[in-house]
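Presented below is the structure to which this report refers.
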Amino acid sequence: MERAARKILLVEANPTKREQLLELCRAPSAGPLLVDICTSTRDAAARLSAQDYDACLLPNEPALLQDARRASADTLLLLISDDDCAERDGAAIEDGADDVLPRDTLNSDVIKRALVNAERRRCSGEKLQQMARQDPLTGLGNRALLEAELDRMILRGQRSPTGFALLYIDLDYFKQINDSFGHGLGDLLLAVIANRLRRTMRQDDLIARIGGDEFVALLNDLHDPNDAALIASKIIHTLSEPITLSGHHLLVSASVGIATFPGHGANAAELLQHADQALYRAKANGRNGYAFFNPQQDAETRHNLDIEQGLRHGLLEGQFRLHYQPIVDTNHGDTVAWEALLRWQHPQLGLLTPDAFLKLAEHSGLILPMGHWVIGQALQAVKQWLDAGVHCRLSINLSDRELKQPRFVDQLRQLLIRSKVPPHMIQLELREDALLKHASQATALCNALHELGVEIWLDHFGSEYGALGYLSRLPIKGVKVDCRGLSESPSPEQGAYLQNLITLSRGMDKQVAANYVEDARVAEQLSRWGGNLLQGYWIGMPRPLEELIGQPDAALN
């Protein structure tokens, strides 16, 4: 069976040289060749990107070679050299030429053999290249393939009115699945996700896995940015379908950030960065959705990304601190507990309170390692004051993420055993809104912690409606009420509401602690209503452990 004619592009501006090459290519001994002619080296890349060619004959010029390789990764590039410089020819091969043919030894047979040999080398090389550009776990492309394809699409897009879109896809809460079920099941899940993405995308679109649970899709020939939104919605819907692996029923969601060319970036680095920023915004908006890159929101997003990176670095570099604020029983004036409060000793911004970074830690998932660190450090502090003969409980805030962490109680048990701290010395504060939002998980957690011997308190009690039923059914030791309204501009209604909360809670045999006590008048009023456990700046400022241990009489009693 005869081979089909090869289609080649002949690039040569010099008429005499062009005619010589054309005559050689048309000779029967060169094989069946279909020759197109390009008389301008400036137009060569555009011709290569606009049509498919098996090979291209072009002058040995580095800039021309670079443009040609970017325009078409599949076309064989045979360079015609006018000098006898082995170093220059070698440099051309390193830069992507398939062969360099000296003009003074050129004939039709040489051209044929060069084409055949280049095809064979390319075939062998492509197998190795495919392995180097393929993600071994999922079979998708990797970052190297993505960047090469992005460069090619950008070059083509500069010469075409049709744009393309880059979709940055990240699985929500994948780390929790890995932590709960192991990396083996996590790898199986990624393979399933990859197959679903293949089925969702068009054949000409590229999908790559660039690390962990992060995928990128390149959408070719995008005529309307809304088409990218439709495909993003389709991806989110497809990935949210239930998955059963090794007997485990998993529900997965994904967030997608979208950047389009040319509006959202002129090069690969900008497009990837802007799609990543859009992904960050999609996660901040509640996850399981998509967001387009928005230049107007770019400054805020970059600031948040900087803070998030700073959080990661701060955890690794030990920049976080715990301060402890006393909770005092006004019946006898003793400190009965200390609340552990997180602080970030930022190298540029100074000491930051959680208001500056806690929401970003929640959105990014860093709240879990951060919370684990807080509990571990706080238990070490409890051990220190127990060894000093001080029997004060430790109060720790519980985040939404920790509430939903399946292994949280087991991890806490191990930390208690390791620190040799009795469980009854610990009280965990669960926000009322988190209890209502995740009722079934909160119920299971409260019961498991009660069995462990850890006290449960309900923080920000009274800010939501509907928690009273849980207060009576769950093993909740006490409630914390926010009394800022009494200090700022108290109204009779606010005072009556707070008094009723305290009376109701005491009637259900719950302890009551009042937070944000800022002056003596508020402290006296709360004590009169039955809120004898007080916390706030008027009661005591948050301080590092060394100050408390160093001043036992003032700090502990």
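If you're wondering about the labels, chains in the structure tokens are A, B, ... by order shown, residues count from 1 in each chain, ligands from 1 in order shown.
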When you look at Gln277 in chain A with a cut-off of 9 Å (counting only C-alpha atoms), what residues show up, excluding the ones that are within fewer than 2 positions of it in the same chain? I need them as a list in words.
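The residues satisfying every condition are Gly257, Ile258, Leu272, Gln273, His274, Ala275, Leu279, Tyr280, Arg281, Ala282, Phe292, Phe293, Asn294, Asp298, Thr301, Arg302 and Leu305 of chain A.
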Enumerate as a ChimeraX atom specification all residues of range 28-94 of chain A assigned to strand (DSSP E) by DSSP on the backbone, naming them with the chain letters and numbers the document uses.
/A:33-38,55-59,76-81
Considering only C-alpha atoms, give me a table of residues in range 254-367 of chain A that are at most 12 Å from range 428-440 of chain A, with the closest atom pair and distance in Å for each, as JSON lines.
{"residue": "A:Ala337", "atom": "CA", "partner": "A:Leu428", "partner_atom": "CA", "distance": 11.6}
{"residue": "A:Trp338", "atom": "CA", "partner": "A:Leu428", "partner_atom": "CA", "distance": 11.6}
{"residue": "A:Glu339", "atom": "CA", "partner": "A:Glu429", "partner_atom": "CA", "distance": 9.5}
{"residue": "A:Ala340", "atom": "CA", "partner": "A:Leu428", "partner_atom": "CA", "distance": 10.4}
{"residue": "A:Leu341", "atom": "CA", "partner": "A:Glu429", "partner_atom": "CA", "distance": 12.0}
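DSSP, applied to the backbone of this structure, assigns alpha helix (DSSP H) to the following residues of range 297-354 of chain A: Asp298, Ala299, Glu300, Thr301, Arg302, His303, Asn304, Leu305, Asp306, Ile307, Glu308, Gln309, Gly310, Leu311, Arg312, His313, Gly314, Leu315, Leu316 and Glu317 of chain A.
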Could you write out the selected residues, including N, CA and C atoms, as a tab-separated table (two decimals), in the first residue's frame?
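Below is the file that was written, out.tsv:
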chain	number	residue	atom	x	y	z
A	298	ASP	N	-9.36	41.97	41.81
A	298	ASP	CA	-8.04	41.34	41.80
A	298	ASP	C	-7.21	41.74	43.02
A	299	ALA	N	-7.25	43.03	43.39
A	299	ALA	CA	-6.42	43.49	44.51
A	299	ALA	C	-6.82	42.78	45.80
A	300	GLU	N	-8.13	42.69	46.04
A	300	GLU	CA	-8.60	42.01	47.25
A	300	GLU	C	-8.22	40.53	47.23
A	301	THR	N	-8.37	39.91	46.06
A	301	THR	CA	-8.05	38.49	45.95
A	301	THR	C	-6.56	38.25	46.19
A	302	ARG	N	-5.72	39.11	45.59
A	302	ARG	CA	-4.28	38.96	45.79
A	302	ARG	C	-3.90	39.14	47.25
A	303	HIS	N	-4.59	40.09	47.91
A	303	HIS	CA	-4.33	40.29	49.35
A	303	HIS	C	-4.68	39.04	50.13
A	304	ASN	N	-5.85	38.46	49.82
A	304	ASN	CA	-6.28	37.26	50.52
A	304	ASN	C	-5.34	36.09	50.24
A	305	LEU	N	-4.89	35.98	48.99
A	305	LEU	CA	-3.95	34.92	48.65
A	305	LEU	C	-2.63	35.10	49.40
A	306	ASP	N	-2.18	36.35	49.52
A	306	ASP	CA	-0.96	36.63	50.27
A	306	ASP	C	-1.13	36.22	51.74
A	307	ILE	N	-2.31	36.55	52.29
A	307	ILE	CA	-2.56	36.18	53.68
A	307	ILE	C	-2.59	34.67	53.83
A	308	GLU	N	-3.24	33.99	52.86
A	308	GLU	CA	-3.32	32.53	52.94
A	308	GLU	C	-1.94	31.90	52.86
A	309	GLN	N	-1.10	32.40	51.92
A	309	GLN	CA	0.26	31.88	51.84
A	309	GLN	C	1.03	32.19	53.12
A	310	GLY	N	0.76	33.37	53.67
A	310	GLY	CA	1.39	33.73	54.93
A	310	GLY	C	0.98	32.81	56.06
A	311	LEU	N	-0.29	32.38	56.05
A	311	LEU	CA	-0.77	31.43	57.07
A	311	LEU	C	-0.01	30.11	56.97
A	312	ARG	N	0.14	29.61	55.74
A	312	ARG	CA	0.87	28.35	55.55
A	312	ARG	C	2.31	28.49	56.05
A	313	HIS	N	2.93	29.61	55.66
A	313	HIS	CA	4.31	29.84	56.08
A	313	HIS	C	4.39	30.02	57.60
A	314	GLY	N	3.40	30.73	58.15
A	314	GLY	CA	3.39	30.98	59.60
A	314	GLY	C	3.28	29.70	60.40
A	315	LEU	N	2.48	28.74	59.91
A	315	LEU	CA	2.36	27.46	60.61
A	315	LEU	C	3.69	26.71	60.60
A	316	LEU	N	4.37	26.75	59.43
A	316	LEU	CA	5.65	26.04	59.32
A	316	LEU	C	6.74	26.71	60.13
A	317	GLU	N	6.69	28.04	60.21
A	317	GLU	CA	7.77	28.80	60.85
A	317	GLU	C	7.50	29.11	62.32
Range 99-200 of chain A residues near range 68-81 of chain A within 10 Å, closest pair each, using only C-alpha atoms, as JSON lines:
{"residue": "A:Asp99", "atom": "CA", "partner": "A:Leu78", "partner_atom": "CA", "distance": 5.0}
{"residue": "A:Val100", "atom": "CA", "partner": "A:Leu79", "partner_atom": "CA", "distance": 4.7}
{"residue": "A:Leu101", "atom": "CA", "partner": "A:Ile80", "partner_atom": "CA", "distance": 5.0}
{"residue": "A:Pro102", "atom": "CA", "partner": "A:Ser81", "partner_atom": "CA", "distance": 4.7}
{"residue": "A:Arg103", "atom": "CA", "partner": "A:Ser81", "partner_atom": "CA", "distance": 5.7}
{"residue": "A:Asp104", "atom": "CA", "partner": "A:Ser81", "partner_atom": "CA", "distance": 8.6}
{"residue": "A:Leu106", "atom": "CA", "partner": "A:Ile80", "partner_atom": "CA", "distance": 8.7}
{"residue": "A:Ile111", "atom": "CA", "partner": "A:Leu78", "partner_atom": "CA", "distance": 8.9}
{"residue": "A:Ala114", "atom": "CA", "partner": "A:Leu78", "partner_atom": "CA", "distance": 7.9}
{"residue": "A:Leu115", "atom": "CA", "partner": "A:Leu76", "partner_atom": "CA", "distance": 7.9}
{"residue": "A:Ala118", "atom": "CA", "partner": "A:Leu76", "partner_atom": "CA", "distance": 7.1}
{"residue": "A:Glu119", "atom": "CA", "partner": "A:Leu76", "partner_atom": "CA", "distance": 7.5}
{"residue": "A:Arg122", "atom": "CA", "partner": "A:Leu76", "partner_atom": "CA", "distance": 8.1}
{"residue": "A:Glu126", "atom": "CA", "partner": "A:Asp74", "partner_atom": "CA", "distance": 9.8}
{"residue": "A:Ala148", "atom": "CA", "partner": "A:Arg70", "partner_atom": "CA", "distance": 8.3}
{"residue": "A:Glu149", "atom": "CA", "partner": "A:Ala73", "partner_atom": "CA", "distance": 8.9}
{"residue": "A:Leu150", "atom": "CA", "partner": "A:Arg70", "partner_atom": "CA", "distance": 9.9}
{"residue": "A:Asp151", "atom": "CA", "partner": "A:Arg70", "partner_atom": "CA", "distance": 6.8}
{"residue": "A:Arg152", "atom": "CA", "partner": "A:Arg70", "partner_atom": "CA", "distance": 5.4}
{"residue": "A:Met153", "atom": "CA", "partner": "A:Ala71", "partner_atom": "CA", "distance": 8.4}
{"residue": "A:Ile154", "atom": "CA", "partner": "A:Arg70", "partner_atom": "CA", "distance": 9.3}
{"residue": "A:Leu155", "atom": "CA", "partner": "A:Ala71", "partner_atom": "CA", "distance": 6.3}
{"residue": "A:Arg156", "atom": "CA", "partner": "A:Ala71", "partner_atom": "CA", "distance": 6.7}
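Residues in contact with Lys510 in chain A at 7 Å, where only C-alpha atoms are counted and same-chain residues fewer than 5 positions away are skipped, are listed as Lys477, Gly478, Val479 and Ser505 of chain A.
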Residues within 12 Å of Gln411 in chain A, only C-alpha atoms, excluding chain neighbours under 4 positions, as a PyMOL selection string:
chain A and resi 179-180+368-369+371-373+375-376+402+405-407+415-418+449+452
